[in-house]
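Student: Can you keep this structure in mind? I'll have questions shortly.
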Amino acid sequence: MKKIPLRKCVATQEQLPKKELLRIVRTPDGTVVIDTTGRMNGRGAYLKKSQEAIEIALKRKALERALEVTLDASFIEQLRSLFNES
C-alpha cells in the first residue's frame, strides 16, 4: 500500500493529502508564485484549496511568515481570484 504524503495548511493547521493543497513558493530569486506542479525550487507553503483558507492566511499573515516574504497586492489578487468563481 502506498503512503499518501500529508502536508499542513498554514492557515487552518489541518493535515491534508498533498493533492488537496495549493503550494505557494518563494523562488530563490525572491518572487512568490503558485506552484501547480508541486516540484518547484524554493521555500514552499501549503494552503487548503478554499476561499476561507486563503482569507485566514491573508488575515493572519500566515503565508508571509511561512515564506519569510511580504506579499504584493497583485499576488494577493491572483490568489483570491482562484476561488472567487466557485
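Residue numbers start at 1 in each chain; chains themselves are named A, B, ... in the order of the C-alpha cells; ligands are numbered from 1 in the order shown.
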For Ala11 (chain A), please output as a PDB file with C-alpha atoms, in the first residue's frame all residues within 8 Å (counting only C-alpha atoms; exclusion window: fewer than 5 positions along the same chain).
Tutor:
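Wrote it out as result_5.pdb, contents follow:
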```
ATOM      1  CA  LEU A  47      -2.790  26.241   1.629  1.00  0.00           C
ATOM      2  CA  LYS A  48      -6.095  24.396   1.623  1.00  0.00           C
ATOM      3  CA  ALA A  53      -8.325  29.269   3.975  1.00  0.00           C
ATOM      4  CA  ILE A  54      -6.926  31.991   1.713  1.00  0.00           C
ATOM      5  CA  ILE A  56      -7.456  33.256   7.018  1.00  0.00           C
ATOM      6  CA  ALA A  57      -3.908  33.073   5.680  1.00  0.00           C
ATOM      7  CA  ARG A  60      -3.086  36.255   9.933  1.00  0.00           C
ATOM      8  CA  ALA A  62       0.448  33.084   7.749  1.00  0.00           C
ATOM      9  CA  LEU A  63       1.795  32.850   4.184  1.00  0.00           C
TER      10      LEU A  63
END
```
Student: Step one, run DSSP on the backbone; step two, keep only residues of chain A assigned to helix (DSSP H, G or I); then write them as a ChimeraX atom specification.
Tutor: /A:18-20,51-60,62-67,73-84
Student: I need the residues from that last selection saved to file as a CSV table (one decimal), in the first residue's frame (with C-alpha atoms), if you can.
Tutor:
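Generated file (part37.csv):
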```csv
chain,number,residue,atom,x,y,z
A,18,LYS,CA,-0.7,17.0,-0.7
A,19,LYS,CA,-3.1,16.7,-3.7
A,20,GLU,CA,-5.8,18.7,-1.8
A,51,GLN,CA,-11.5,30.8,-0.3
A,52,GLU,CA,-11.9,30.6,3.5
A,53,ALA,CA,-8.3,29.3,4.0
A,54,ILE,CA,-6.9,32.0,1.7
A,55,GLU,CA,-8.7,34.7,3.7
A,56,ILE,CA,-7.5,33.3,7.0
A,57,ALA,CA,-3.9,33.1,5.7
A,58,LEU,CA,-4.0,36.7,4.5
A,59,LYS,CA,-5.6,38.0,7.7
A,60,ARG,CA,-3.1,36.3,9.9
A,62,ALA,CA,0.4,33.1,7.7
A,63,LEU,CA,1.8,32.8,4.2
A,64,GLU,CA,4.1,35.8,4.7
A,65,ARG,CA,5.5,34.2,7.8
A,66,ALA,CA,5.9,30.8,6.2
A,67,LEU,CA,7.6,32.2,3.1
A,73,ALA,CA,-1.1,43.2,-3.9
A,74,SER,CA,-1.1,41.6,-7.4
A,75,PHE,CA,-0.2,38.2,-5.9
A,76,ILE,CA,-2.9,38.5,-3.3
A,77,GLU,CA,-5.5,39.4,-6.0
A,78,GLN,CA,-4.3,36.4,-8.1
A,79,LEU,CA,-4.8,34.1,-5.0
A,80,ARG,CA,-8.3,35.5,-4.3
A,81,SER,CA,-9.4,35.1,-7.9
A,82,LEU,CA,-8.5,31.4,-7.9
A,83,PHE,CA,-11.6,30.5,-5.9
A,84,ASN,CA,-13.9,33.5,-6.4
```
Student: Which of chain A counts as strand (DSSP E or B) under DSSP, as a PyMOL selection string please?
Tutor: chain A and resi 6-9+15-17+21-26+32-35+43-48
Student: What is the distance, in Å and to one decimal place, between CA of Gln15 (chain A) and CA of Thr31 (chain A)?
Tutor: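 CA of Thr31 (chain A) lies at a distance of 26.3 Å from CA of Gln15 (chain A).
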Student: Figure out the distance between CA of Asp72 (chain A) and CA of Arg43 (chain A), please, to one decimal in Å.
Tutor: 16.9 Å
Student: With a distance cut-off of 8 Å and only C-alpha atoms, select the neighbouring residues of region 21-29 of chain A, excluding the residue or stretch itself and same-chain residues fewer than 5 positions from it, and output the selection as an NGL selection string.
Tutor: :A and (7 or 9 or 16 or 34-36 or 38 or 40-49 or 67 or 69)
Student: Using CA of Glu68 (chain A) and CA of Val32 (chain A) as the two end points, give the distance in Å to one decimal.
Tutor: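 Answer for the CA of Glu68 (chain A) to CA of Val32 (chain A) separation: 10.5 Å.
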